[in-house]
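This is final_13.pdb (PDB, C-alpha atoms and all ligand atoms).
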ATOM      1  CA  MET R1225     -92.822-147.580  -0.826  1.00  0.00           C
ATOM      2  CA  ASP R1226     -90.595-149.009   1.910  1.00  0.00           C
ATOM      3  CA  LYS R1227     -87.860-151.450   1.146  1.00  0.00           C
ATOM      4  CA  ARG R1228     -89.811-154.514   2.188  1.00  0.00           C
ATOM      5  CA  SER R1229     -92.938-153.802   0.105  1.00  0.00           C
ATOM      6  CA  PHE R1230     -90.764-152.770  -2.846  1.00  0.00           C
ATOM      7  CA  LEU R1231     -88.998-156.144  -2.677  1.00  0.00           C
ATOM      8  CA  LYS R1232     -92.349-157.941  -2.396  1.00  0.00           C
ATOM      9  CA  THR R1233     -93.819-156.094  -5.400  1.00  0.00           C
ATOM     10  CA  SER R1234     -90.730-156.759  -7.503  1.00  0.00           C
ATOM     11  CA  LEU R1235     -90.730-160.426  -6.664  1.00  0.00           C
ATOM     12  CA  LEU R1236     -94.406-160.699  -7.532  1.00  0.00           C
ATOM     13  CA  GLY R1237     -93.675-158.921 -10.783  1.00  0.00           C
ATOM     14  CA  VAL R1238     -90.922-161.367 -11.668  1.00  0.00           C
ATOM     15  CA  ALA R1239     -93.111-164.306 -10.680  1.00  0.00           C
ATOM     16  CA  GLY R1240     -95.929-162.912 -12.807  1.00  0.00           C
ATOM     17  CA  LEU R1241     -93.686-162.517 -15.821  1.00  0.00           C
ATOM     18  CA  PHE R1242     -92.380-166.036 -15.346  1.00  0.00           C
ATOM     19  CA  ALA R1243     -95.924-167.412 -15.056  1.00  0.00           C
ATOM     20  CA  SER R1244     -97.150-165.602 -18.143  1.00  0.00           C
ATOM     21  CA  SER R1245     -94.183-166.825 -20.184  1.00  0.00           C
ATOM     22  CA  LEU R1246     -94.949-170.374 -19.052  1.00  0.00           C
ATOM     23  CA  ARG R1247     -98.607-169.860 -19.869  1.00  0.00           C
ATOM     24  CA  SER R1248     -97.854-168.689 -23.375  1.00  0.00           C
ATOM     25  CA  HIS R1249     -95.940-171.937 -23.906  1.00  0.00           C
ATOM     26  CA  GLY R1250     -98.723-173.992 -22.396  1.00  0.00           C
ATOM     27  CA  MET R1251     -96.429-175.410 -19.777  1.00  0.00           C
ATOM     28  CA  ILE R1252     -98.049-174.677 -16.445  1.00  0.00           C
ATOM     29  CA  PRO R1253     -97.813-177.952 -14.546  1.00  0.00           C
ATOM     30  CA  GLY R1254    -101.173-179.349 -13.465  1.00  0.00           C
ATOM     31  CA  MET R1255    -103.171-176.921 -15.587  1.00  0.00           C
ATOM     32  CA  ALA R1256    -102.776-178.574 -18.963  1.00  0.00           C
ATOM     33  CA  ARG R1257    -103.826-181.970 -17.617  1.00  0.00           C
ATOM     34  CA  LYS R1258    -107.270-180.609 -16.779  1.00  0.00           C
ATOM     35  CA  ASN R1259    -107.757-178.845 -20.075  1.00  0.00           C
ATOM     36  CA  TYR R1260    -108.873-181.352 -22.690  1.00  0.00           C
ATOM     37  CA  ARG R1261    -110.408-178.814 -25.062  1.00  0.00           C
ATOM     38  CA  ARG R1262    -107.155-177.332 -26.198  1.00  0.00           C
ATOM     39  CA  LYS R1263    -104.291-179.812 -26.084  1.00  0.00           C
ATOM     40  CA  GLU R1264    -101.284-178.274 -24.439  1.00  0.00           C
ATOM     41  CA  GLU R1265     -99.201-181.390 -24.034  1.00  0.00           C
ATOM     42  CA  PHE R1266     -99.205-185.118 -24.713  1.00  0.00           C
ATOM     43  CA  LEU R1267    -100.562-186.646 -21.541  1.00  0.00           C
ATOM     44  CA  GLN R1268     -99.036-189.468 -19.615  1.00  0.00           C
ATOM     45  CA  PRO R1269    -102.098-191.562 -18.771  1.00  0.00           C
ATOM     46  CA  GLU R1270    -102.166-193.535 -15.570  1.00  0.00           C
ATOM     47  CA  LEU R1271    -101.190-197.190 -15.796  1.00  0.00           C
ATOM     48  CA  PRO R1272    -104.369-199.284 -16.159  1.00  0.00           C
ATOM     49  CA  TYR R1273    -103.233-201.398 -13.130  1.00  0.00           C
ATOM     50  CA  ALA R1274    -101.044-201.142 -10.034  1.00  0.00           C
ATOM     51  CA  PHE R1275     -97.262-201.506 -10.327  1.00  0.00           C
ATOM     52  CA  ASP R1276     -97.409-204.898  -8.618  1.00  0.00           C
ATOM     53  CA  ALA R1277    -100.508-206.156 -10.461  1.00  0.00           C
ATOM     54  CA  LEU R1278     -98.545-208.211 -12.986  1.00  0.00           C
ATOM     55  CA  GLU R1279     -96.480-210.060 -10.354  1.00  0.00           C
ATOM     56  CA  PRO R1280     -94.932-212.596 -10.457  1.00  0.00           C
ATOM     57  CA  TYR R1281     -94.562-212.284 -14.234  1.00  0.00           C
ATOM     58  CA  ILE R1282     -93.518-208.634 -14.388  1.00  0.00           C
ATOM     59  CA  ASP R1283     -92.124-207.400 -11.070  1.00  0.00           C
ATOM     60  CA  SER R1284     -93.308-204.287  -9.309  1.00  0.00           C
ATOM     61  CA  ALA R1285     -89.906-202.554  -9.167  1.00  0.00           C
ATOM     62  CA  THR R1286     -89.449-202.880 -12.928  1.00  0.00           C
ATOM     63  CA  MET R1287     -92.964-201.573 -13.634  1.00  0.00           C
ATOM     64  CA  GLU R1288     -92.474-198.585 -11.351  1.00  0.00           C
ATOM     65  CA  LEU R1289     -89.082-197.665 -12.787  1.00  0.00           C
ATOM     66  CA  HIS R1290     -90.226-198.258 -16.354  1.00  0.00           C
ATOM     67  CA  TYR R1291     -93.352-196.128 -15.963  1.00  0.00           C
ATOM     68  CA  THR R1292     -92.151-193.337 -13.655  1.00  0.00           C
ATOM     69  CA  LYS R1293     -88.648-192.854 -15.044  1.00  0.00           C
ATOM     70  CA  HIS R1294     -88.299-194.139 -18.611  1.00  0.00           C
ATOM     71  CA  TYR R1295     -91.818-193.375 -19.825  1.00  0.00           C
ATOM     72  CA  THR R1296     -91.924-189.993 -18.089  1.00  0.00           C
ATOM     73  CA  ALA R1297     -88.671-189.012 -19.772  1.00  0.00           C
ATOM     74  CA  TYR R1298     -89.944-189.967 -23.251  1.00  0.00           C
ATOM     75  CA  THR R1299     -93.180-188.070 -22.639  1.00  0.00           C
ATOM     76  CA  GLN R1300     -91.428-184.932 -21.426  1.00  0.00           C
ATOM     77  CA  LYS R1301     -88.890-184.879 -24.240  1.00  0.00           C
ATOM     78  CA  PHE R1302     -91.592-185.563 -26.845  1.00  0.00           C
ATOM     79  CA  ASN R1303     -93.601-182.639 -25.476  1.00  0.00           C
ATOM     80  CA  GLU R1304     -90.572-180.343 -25.532  1.00  0.00           C
ATOM     81  CA  ALA R1305     -89.798-181.239 -29.149  1.00  0.00           C
ATOM     82  CA  ALA R1306     -93.452-181.039 -30.250  1.00  0.00           C
ATOM     83  CA  ILE R1307     -93.928-177.624 -28.602  1.00  0.00           C
ATOM     84  CA  GLN R1308     -90.813-176.334 -30.326  1.00  0.00           C
ATOM     85  CA  LEU R1309     -92.068-177.566 -33.703  1.00  0.00           C
ATOM     86  CA  GLY R1310     -95.636-176.378 -33.081  1.00  0.00           C
ATOM     87  CA  ILE R1311     -97.129-179.835 -33.787  1.00  0.00           C
ATOM     88  CA  LEU R1312     -98.802-180.498 -30.432  1.00  0.00           C
ATOM     89  CA  GLN R1313    -102.308-180.440 -31.905  1.00  0.00           C
ATOM     90  CA  GLN R1314    -101.738-183.524 -34.059  1.00  0.00           C
ATOM     91  CA  PRO R1315    -102.271-187.047 -32.734  1.00  0.00           C
ATOM     92  CA  ALA R1316     -98.962-188.776 -31.928  1.00  0.00           C
ATOM     93  CA  ARG R1317     -99.635-191.501 -34.507  1.00  0.00           C
ATOM     94  CA  ASP R1318    -100.077-188.911 -37.298  1.00  0.00           C
ATOM     95  CA  ILE R1319     -96.798-187.238 -36.362  1.00  0.00           C
ATOM     96  CA  LEU R1320     -95.007-190.587 -36.391  1.00  0.00           C
ATOM     97  CA  LYS R1321     -96.447-191.546 -39.773  1.00  0.00           C
ATOM     98  CA  GLU R1322     -94.442-188.622 -41.182  1.00  0.00           C
ATOM     99  CA  VAL R1323     -91.508-188.931 -38.832  1.00  0.00           C
ATOM    100  CA  SER R1324     -88.937-188.501 -41.616  1.00  0.00           C
ATOM    101  CA  LYS R1325     -89.983-184.824 -41.783  1.00  0.00           C
ATOM    102  CA  TYR R1326     -88.942-184.148 -38.213  1.00  0.00           C
ATOM    103  CA  PRO R1327     -85.766-184.051 -36.132  1.00  0.00           C
ATOM    104  CA  GLU R1328     -84.389-187.234 -34.599  1.00  0.00           C
ATOM    105  CA  SER R1329     -85.788-186.289 -31.163  1.00  0.00           C
ATOM    106  CA  ILE R1330     -89.340-186.851 -32.472  1.00  0.00           C
ATOM    107  CA  ARG R1331     -88.442-190.305 -33.768  1.00  0.00           C
ATOM    108  CA  GLN R1332     -86.837-191.320 -30.467  1.00  0.00           C
ATOM    109  CA  ASN R1333     -89.163-189.684 -27.947  1.00  0.00           C
ATOM    110  CA  GLY R1334     -92.400-189.723 -29.942  1.00  0.00           C
ATOM    111  CA  GLY R1335     -91.717-193.396 -30.637  1.00  0.00           C
ATOM    112  CA  GLY R1336     -91.000-193.978 -26.941  1.00  0.00           C
ATOM    113  CA  TYR R1337     -94.219-192.168 -26.032  1.00  0.00           C
ATOM    114  CA  LEU R1338     -96.548-194.074 -28.368  1.00  0.00           C
ATOM    115  CA  ASN R1339     -94.877-197.487 -28.085  1.00  0.00           C
ATOM    116  CA  HIS R1340     -95.187-197.520 -24.307  1.00  0.00           C
ATOM    117  CA  LEU R1341     -98.747-196.199 -24.434  1.00  0.00           C
ATOM    118  CA  ILE R1342     -99.663-199.267 -26.476  1.00  0.00           C
ATOM    119  CA  PHE R1343     -97.447-201.546 -24.411  1.00  0.00           C
ATOM    120  CA  TRP R1344     -98.975-200.705 -20.984  1.00  0.00           C
ATOM    121  CA  ASN R1345    -102.345-201.752 -22.374  1.00  0.00           C
ATOM    122  CA  MET R1346    -100.816-204.840 -23.957  1.00  0.00           C
ATOM    123  CA  MET R1347    -100.585-206.375 -20.481  1.00  0.00           C
ATOM    124  CA  SER R1348    -103.279-207.040 -17.902  1.00  0.00           C
ATOM    125  CA  PRO R1349    -103.530-208.854 -14.555  1.00  0.00           C
ATOM    126  CA  SER R1350    -106.375-210.844 -16.125  1.00  0.00           C
ATOM    127  CA  GLY R1351    -104.390-211.463 -19.315  1.00  0.00           C
ATOM    128  CA  GLY R1352    -102.757-214.602 -20.651  1.00  0.00           C
ATOM    129  CA  GLY R1353    -104.611-217.562 -22.071  1.00  0.00           C
ATOM    130  CA  MET R1354    -105.729-217.614 -25.645  1.00  0.00           C
ATOM    131  CA  PRO R1355    -107.114-215.128 -28.147  1.00  0.00           C
ATOM    132  CA  SER R1356    -110.629-215.790 -29.383  1.00  0.00           C
ATOM    133  CA  GLY R1357    -113.065-214.954 -32.163  1.00  0.00           C
ATOM    134  CA  VAL R1358    -111.929-213.445 -35.439  1.00  0.00           C
ATOM    135  CA  LEU R1359    -108.463-212.691 -34.029  1.00  0.00           C
ATOM    136  CA  LEU R1360    -107.962-216.375 -33.233  1.00  0.00           C
ATOM    137  CA  ASP R1361    -109.110-217.272 -36.753  1.00  0.00           C
ATOM    138  CA  ALA R1362    -106.669-214.790 -38.292  1.00  0.00           C
ATOM    139  CA  ILE R1363    -103.741-216.105 -36.208  1.00  0.00           C
ATOM    140  CA  ASN R1364    -104.609-219.707 -37.090  1.00  0.00           C
ATOM    141  CA  ARG R1365    -104.888-218.801 -40.762  1.00  0.00           C
ATOM    142  CA  GLU R1366    -101.528-217.058 -40.871  1.00  0.00           C
ATOM    143  CA  PHE R1367     -99.391-219.080 -38.464  1.00  0.00           C
ATOM    144  CA  GLY R1368    -101.174-222.452 -38.226  1.00  0.00           C
ATOM    145  CA  SER R1369    -101.823-222.214 -34.478  1.00  0.00           C
ATOM    146  CA  VAL R1370    -101.468-219.865 -31.508  1.00  0.00           C
ATOM    147  CA  ASP R1371     -98.536-221.951 -30.254  1.00  0.00           C
ATOM    148  CA  ALA R1372     -96.777-221.616 -33.595  1.00  0.00           C
ATOM    149  CA  PHE R1373     -97.389-217.857 -33.539  1.00  0.00           C
ATOM    150  CA  ARG R1374     -96.048-217.553 -29.978  1.00  0.00           C
ATOM    151  CA  GLU R1375     -92.949-219.509 -30.917  1.00  0.00           C
ATOM    152  CA  LYS R1376     -92.241-217.362 -33.950  1.00  0.00           C
ATOM    153  CA  PHE R1377     -92.886-214.093 -32.080  1.00  0.00           C
ATOM    154  CA  THR R1378     -90.713-215.238 -29.151  1.00  0.00           C
ATOM    155  CA  GLU R1379     -87.876-216.084 -31.529  1.00  0.00           C
ATOM    156  CA  ALA R1380     -88.122-212.676 -33.230  1.00  0.00           C
ATOM    157  CA  ALA R1381     -88.192-210.834 -29.874  1.00  0.00           C
ATOM    158  CA  LYS R1382     -85.245-212.865 -28.569  1.00  0.00           C
ATOM    159  CA  ASN R1383     -83.193-212.005 -31.629  1.00  0.00           C
ATOM    160  CA  VAL R1384     -83.605-208.220 -31.554  1.00  0.00           C
ATOM    161  CA  PHE R1385     -80.024-207.049 -31.322  1.00  0.00           C
ATOM    162  CA  GLY R1386     -79.606-204.486 -28.549  1.00  0.00           C
ATOM    163  CA  SER R1387     -82.644-202.335 -27.762  1.00  0.00           C
ATOM    164  CA  GLY R1388     -85.910-202.556 -29.634  1.00  0.00           C
ATOM    165  CA  TRP R1389     -89.380-203.996 -29.965  1.00  0.00           C
ATOM    166  CA  ALA R1390     -91.144-207.050 -31.389  1.00  0.00           C
ATOM    167  CA  TRP R1391     -94.494-206.531 -33.133  1.00  0.00           C
ATOM    168  CA  LEU R1392     -97.458-208.325 -34.580  1.00  0.00           C
ATOM    169  CA  ILE R1393     -98.704-206.024 -37.321  1.00  0.00           C
ATOM    170  CA  ILE R1394    -101.360-206.145 -39.985  1.00  0.00           C
ATOM    171  CA  ARG R1395    -100.900-204.877 -43.523  1.00  0.00           C
ATOM    172  CA  ASP R1396    -103.147-205.547 -46.502  1.00  0.00           C
ATOM    173  CA  ASP R1397    -105.244-207.774 -44.218  1.00  0.00           C
ATOM    174  CA  LYS R1398    -102.249-210.014 -43.601  1.00  0.00           C
ATOM    175  CA  LEU R1399    -100.685-210.608 -40.162  1.00  0.00           C
ATOM    176  CA  ARG R1400     -96.908-210.356 -39.932  1.00  0.00           C
ATOM    177  CA  ILE R1401     -94.276-210.477 -37.211  1.00  0.00           C
ATOM    178  CA  THR R1402     -91.629-207.785 -37.337  1.00  0.00           C
ATOM    179  CA  THR R1403     -89.075-206.075 -35.099  1.00  0.00           C
ATOM    180  CA  THR R1404     -87.785-202.515 -34.806  1.00  0.00           C
ATOM    181  CA  GLN R1405     -84.672-200.967 -33.324  1.00  0.00           C
ATOM    182  CA  ASN R1406     -84.674-198.414 -30.514  1.00  0.00           C
ATOM    183  CA  GLN R1407     -88.101-196.697 -30.327  1.00  0.00           C
ATOM    184  CA  ASP R1408     -89.142-197.135 -33.957  1.00  0.00           C
ATOM    185  CA  ASN R1409     -92.758-198.107 -34.592  1.00  0.00           C
ATOM    186  CA  PRO R1410     -94.136-199.886 -37.699  1.00  0.00           C
ATOM    187  CA  LEU R1411     -96.409-196.876 -38.306  1.00  0.00           C
ATOM    188  CA  MET R1412     -93.342-194.760 -39.059  1.00  0.00           C
ATOM    189  CA  ASP R1413     -92.601-193.940 -42.675  1.00  0.00           C
ATOM    190  CA  ILE R1414     -88.967-194.924 -42.078  1.00  0.00           C
ATOM    191  CA  ALA R1415     -89.846-198.444 -40.808  1.00  0.00           C
ATOM    192  CA  SER R1416     -88.462-201.168 -43.057  1.00  0.00           C
ATOM    193  CA  GLU R1417     -91.672-203.163 -42.550  1.00  0.00           C
ATOM    194  CA  GLN R1418     -94.708-200.943 -42.123  1.00  0.00           C
ATOM    195  CA  GLY R1419     -98.108-201.863 -40.784  1.00  0.00           C
ATOM    196  CA  PHE R1420    -100.682-201.284 -38.083  1.00  0.00           C
ATOM    197  CA  PRO R1421     -99.452-202.545 -34.686  1.00  0.00           C
ATOM    198  CA  LEU R1422    -101.697-205.140 -33.057  1.00  0.00           C
ATOM    199  CA  LEU R1423     -99.364-206.503 -30.381  1.00  0.00           C
ATOM    200  CA  CYS R1424     -95.980-205.329 -29.141  1.00  0.00           C
ATOM    201  CA  LEU R1425     -93.280-206.264 -26.684  1.00  0.00           C
ATOM    202  CA  ASP R1426     -90.607-203.969 -25.294  1.00  0.00           C
ATOM    203  CA  VAL R1427     -87.289-205.846 -25.308  1.00  0.00           C
ATOM    204  CA  TRP R1428     -85.097-203.028 -24.035  1.00  0.00           C
ATOM    205  CA  GLU R1429     -83.086-204.285 -21.049  1.00  0.00           C
ATOM    206  CA  HIS R1430     -84.834-201.721 -18.820  1.00  0.00           C
ATOM    207  CA  ALA R1431     -88.038-203.764 -19.311  1.00  0.00           C
ATOM    208  CA  TYR R1432     -86.629-206.912 -17.669  1.00  0.00           C
ATOM    209  CA  TYR R1433     -83.093-206.615 -16.336  1.00  0.00           C
ATOM    210  CA  LEU R1434     -83.975-206.163 -12.628  1.00  0.00           C
ATOM    211  CA  ASN R1435     -85.948-209.403 -12.552  1.00  0.00           C
ATOM    212  CA  ASN R1436     -84.429-211.492 -15.315  1.00  0.00           C
ATOM    213  CA  GLN R1437     -80.918-210.013 -15.702  1.00  0.00           C
ATOM    214  CA  ASN R1438     -79.706-211.036 -19.151  1.00  0.00           C
ATOM    215  CA  ARG R1439     -82.322-213.779 -19.616  1.00  0.00           C
ATOM    216  CA  ARG R1440     -84.566-212.102 -22.159  1.00  0.00           C
ATOM    217  CA  TYR R1441     -86.180-215.421 -23.042  1.00  0.00           C
ATOM    218  CA  ASP R1442     -87.548-215.770 -19.472  1.00  0.00           C
ATOM    219  CA  TYR R1443     -89.083-212.307 -19.726  1.00  0.00           C
ATOM    220  CA  ILE R1444     -90.739-213.105 -23.060  1.00  0.00           C
ATOM    221  CA  SER R1445     -92.106-216.362 -21.628  1.00  0.00           C
ATOM    222  CA  ALA R1446     -93.516-214.426 -18.651  1.00  0.00           C
ATOM    223  CA  PHE R1447     -95.125-211.882 -20.975  1.00  0.00           C
ATOM    224  CA  TRP R1448     -97.403-214.542 -22.487  1.00  0.00           C
ATOM    225  CA  HIS R1449     -98.971-214.996 -19.016  1.00  0.00           C
ATOM    226  CA  VAL R1450    -100.150-211.366 -18.914  1.00  0.00           C
ATOM    227  CA  VAL R1451    -100.705-210.536 -22.589  1.00  0.00           C
ATOM    228  CA  ASN R1452    -104.009-208.684 -22.985  1.00  0.00           C
ATOM    229  CA  TRP R1453    -105.626-210.523 -25.902  1.00  0.00           C
ATOM    230  CA  GLU R1454    -108.787-208.459 -25.505  1.00  0.00           C
ATOM    231  CA  PHE R1455    -106.842-205.304 -26.279  1.00  0.00           C
ATOM    232  CA  VAL R1456    -105.172-206.969 -29.273  1.00  0.00           C
ATOM    233  CA  ALA R1457    -108.634-208.035 -30.483  1.00  0.00           C
ATOM    234  CA  ARG R1458    -109.935-204.461 -30.129  1.00  0.00           C
ATOM    235  CA  ARG R1459    -107.042-203.199 -32.234  1.00  0.00           C
ATOM    236  CA  TYR R1460    -107.697-205.890 -34.832  1.00  0.00           C
ATOM    237  CA  ASP R1461    -111.372-204.970 -34.899  1.00  0.00           C
ATOM    238  CA  SER R1462    -110.664-201.258 -35.320  1.00  0.00           C
ATOM    239  CA  TYR R1463    -108.310-202.049 -38.209  1.00  0.00           C
ATOM    240  CA  GLN R1464    -110.956-204.207 -39.867  1.00  0.00           C
ATOM    241  CA  LYS R1465    -113.588-201.502 -39.499  1.00  0.00           C
ATOM    242  CA  ARG R1466    -111.115-198.826 -40.570  1.00  0.00           C
ATOM    243  CA  MET R1467    -111.748-196.969 -37.341  1.00  0.00           C
ATOM    244  CA  ALA R1468    -109.029-194.863 -35.801  1.00  0.00           C
ATOM    245  CA  MET R1469    -107.790-196.062 -32.416  1.00  0.00           C
ATOM    246  CA  SER R1470    -106.977-193.317 -29.957  1.00  0.00           C
ATOM    247  CA  PHE R1471    -103.477-194.860 -29.861  1.00  0.00           C
TER     248      PHE R1471
HETATM  249 MN   MN3 R1501     -89.403-199.336 -22.358  1.00  0.00          MN
END

So, in terms of structure tokens, how does the structure I just supplied come out?
Ligand code: MN3
Amino acid sequence: MDKRSFLKTSLLGVAGLFASSLRSHGMIPGMARKNYRRKEEFLQPELPYAFDALEPYIDSATMELHYTKHYTAYTQKFNEAAIQLGILQQPARDILKEVSKYPESIRQNGGGYLNHLIFWNMMSPSGGGMPSGVLLDAINREFGSVDAFREKFTEAAKNVFGSGWAWLIIRDDKLRITTTQNQDNPLMDIASEQGFPLLCLDVWEHAYYLNNQNRRYDYISAFWHVVNWEFVARRYDSYQKRMAMSF
């Protein structure tokens, strides 16, 4: 074997070893995304709309940064932690329901993964307006009117200290407004107020600072113009029928 072919063979050997070690960890980029039979990572689904689709209410630059940087980082770190713990096969929501069993990285990054997954769908270019049907009835029953609900939710979201989320949840067939710190989710067993999330709003500064600077209230007001009531209604319906949502 001359020097050149020896070098080539060795390099191929090293590359092969590297590839097989990646394969055994289910980490070959591009491959896992196509394989839905055996889950090898939590997927980062595409946004259901273009980055600029929610303009002027949510600006394109914020959406792009939020989705491609922040969300990607949560997804990657959640995958790393889940692979290490060998819990990739479970749905994210089931992992988070028992989050107290796991290291802090699962709480932070698993929370970040699931919260944003819900949140992207919580907004739509054809959103805004009013809820309807049984969801409207439930909101009227609990809060008196949609306006009263919006006011109360806005106030709660405005008052989250530092980074966190505002939620409309349902527990024991009763609607409630609650907030969480950091990336906590009301499904988590460590949440002070637990329940099934129907509606959520990210109030981390990264969700609005580029467009609204420190004016969180303006961002919350803008959110009501794009809120996807149909998605909230689907979540309400699945709760009522005791069906599992995919997220
Ligand atoms: Mn966020």

Find the residue from R:Glu1328, R:Glu1375, R:Glu1264, R:Glu1288 that sits nearest to Ile1311 of chain R; use only C-alpha atoms when measuring.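 Of R:Glu1328, R:Glu1375, R:Glu1264, R:Glu1288, the one nearest Ile1311 of chain R, counting only C-alpha atoms, is R:Glu1264.
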
Hits from the PyMOL selection byres (((not hetatm)) within 9 of (chain R and resi 1501)), listed as a PyMOL selection string: chain R and resi 1290-1291+1294-1295+1336+1339-1340+1343+1388-1389+1407+1426-1431

Using the chain letters and numbers from this file, what does the PyMOL selection byres (((chain R and resi 1409) around 12) and not hetatm) select? Give the answer as a VMD selection string. chain R and resid 1316 to 1317 1319 to 1323 1330 to 1343 1388 to 1393 1402 to 1408 1410 to 1426

Hits of the PyMOL selection byres (((chain R and resi 1436) around 12) and not hetatm) in this structure, as a PyMOL selection string: chain R and resi 1280-1283+1286+1427+1429-1435+1437-1446

Just-selected residues, C-alpha atoms written as a CSV table (one decimal), in the frame of the given file:
chain,number,residue,atom,x,y,z
R,1280,PRO,CA,-94.9,-212.6,-10.5
R,1281,TYR,CA,-94.6,-212.3,-14.2
R,1282,ILE,CA,-93.5,-208.6,-14.4
R,1283,ASP,CA,-92.1,-207.4,-11.1
R,1286,THR,CA,-89.4,-202.9,-12.9
R,1427,VAL,CA,-87.3,-205.8,-25.3
R,1429,GLU,CA,-83.1,-204.3,-21.0
R,1430,HIS,CA,-84.8,-201.7,-18.8
R,1431,ALA,CA,-88.0,-203.8,-19.3
R,1432,TYR,CA,-86.6,-206.9,-17.7
R,1433,TYR,CA,-83.1,-206.6,-16.3
R,1434,LEU,CA,-84.0,-206.2,-12.6
R,1435,ASN,CA,-85.9,-209.4,-12.6
R,1437,GLN,CA,-80.9,-210.0,-15.7
R,1438,ASN,CA,-79.7,-211.0,-19.2
R,1439,ARG,CA,-82.3,-213.8,-19.6
R,1440,ARG,CA,-84.6,-212.1,-22.2
R,1441,TYR,CA,-86.2,-215.4,-23.0
R,1442,ASP,CA,-87.5,-215.8,-19.5
R,1443,TYR,CA,-89.1,-212.3,-19.7
R,1444,ILE,CA,-90.7,-213.1,-23.1
R,1445,SER,CA,-92.1,-216.4,-21.6
R,1446,ALA,CA,-93.5,-214.4,-18.7

Residue with the minimum atom-to-atom distance to Asp1371 of chain R, picked from R:Asp1396, R:Ser1348, R:Trp1448, R:Ala1306 with only C-alpha atoms counted, is R:Trp1448

Within 12 Å of (-108.5, -195.3, -34.4) (file coordinates; all atoms listed in the file), which protein or nucleic acid residues are there? I'd like them as a list in words.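 Protein and nucleic acid residues near the point are Pro1315, Ala1316, Arg1317, Asp1318, Phe1420, Pro1421, Arg1458, Arg1459, Tyr1460, Asp1461, Ser1462, Tyr1463, Gln1464, Lys1465, Arg1466, Met1467, Ala1468, Met1469, Ser1470 and Phe1471 of chain R.
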
Dump C-alpha atoms for the selected residues as an mmCIF file, in the frame of the given file?
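And here is the file that came out, again.cif:
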data_model
loop_
_atom_site.group_PDB
_atom_site.id
_atom_site.type_symbol
_atom_site.label_atom_id
_atom_site.label_comp_id
_atom_site.auth_asym_id
_atom_site.auth_seq_id
_atom_site.Cartn_x
_atom_site.Cartn_y
_atom_site.Cartn_z
ATOM 1 C CA PRO R 1315 -102.271 -187.047 -32.734
ATOM 2 C CA ALA R 1316 -98.962 -188.776 -31.928
ATOM 3 C CA ARG R 1317 -99.635 -191.501 -34.507
ATOM 4 C CA ASP R 1318 -100.077 -188.911 -37.298
ATOM 5 C CA PHE R 1420 -100.682 -201.284 -38.083
ATOM 6 C CA PRO R 1421 -99.452 -202.545 -34.686
ATOM 7 C CA ARG R 1458 -109.935 -204.461 -30.129
ATOM 8 C CA ARG R 1459 -107.042 -203.199 -32.234
ATOM 9 C CA TYR R 1460 -107.697 -205.890 -34.832
ATOM 10 C CA ASP R 1461 -111.372 -204.970 -34.899
ATOM 11 C CA SER R 1462 -110.664 -201.258 -35.320
ATOM 12 C CA TYR R 1463 -108.310 -202.049 -38.209
ATOM 13 C CA GLN R 1464 -110.956 -204.207 -39.867
ATOM 14 C CA LYS R 1465 -113.588 -201.502 -39.499
ATOM 15 C CA ARG R 1466 -111.115 -198.826 -40.570
ATOM 16 C CA MET R 1467 -111.748 -196.969 -37.341
ATOM 17 C CA ALA R 1468 -109.029 -194.863 -35.801
ATOM 18 C CA MET R 1469 -107.790 -196.062 -32.416
ATOM 19 C CA SER R 1470 -106.977 -193.317 -29.957
ATOM 20 C CA PHE R 1471 -103.477 -194.860 -29.861
#

Of the listed residues R:Gln1268, R:Leu1278, R:Phe1302, R:Leu1360, that which approaches Met1346 of chain R most closely, counting all atoms listed in the file: R:Leu1278
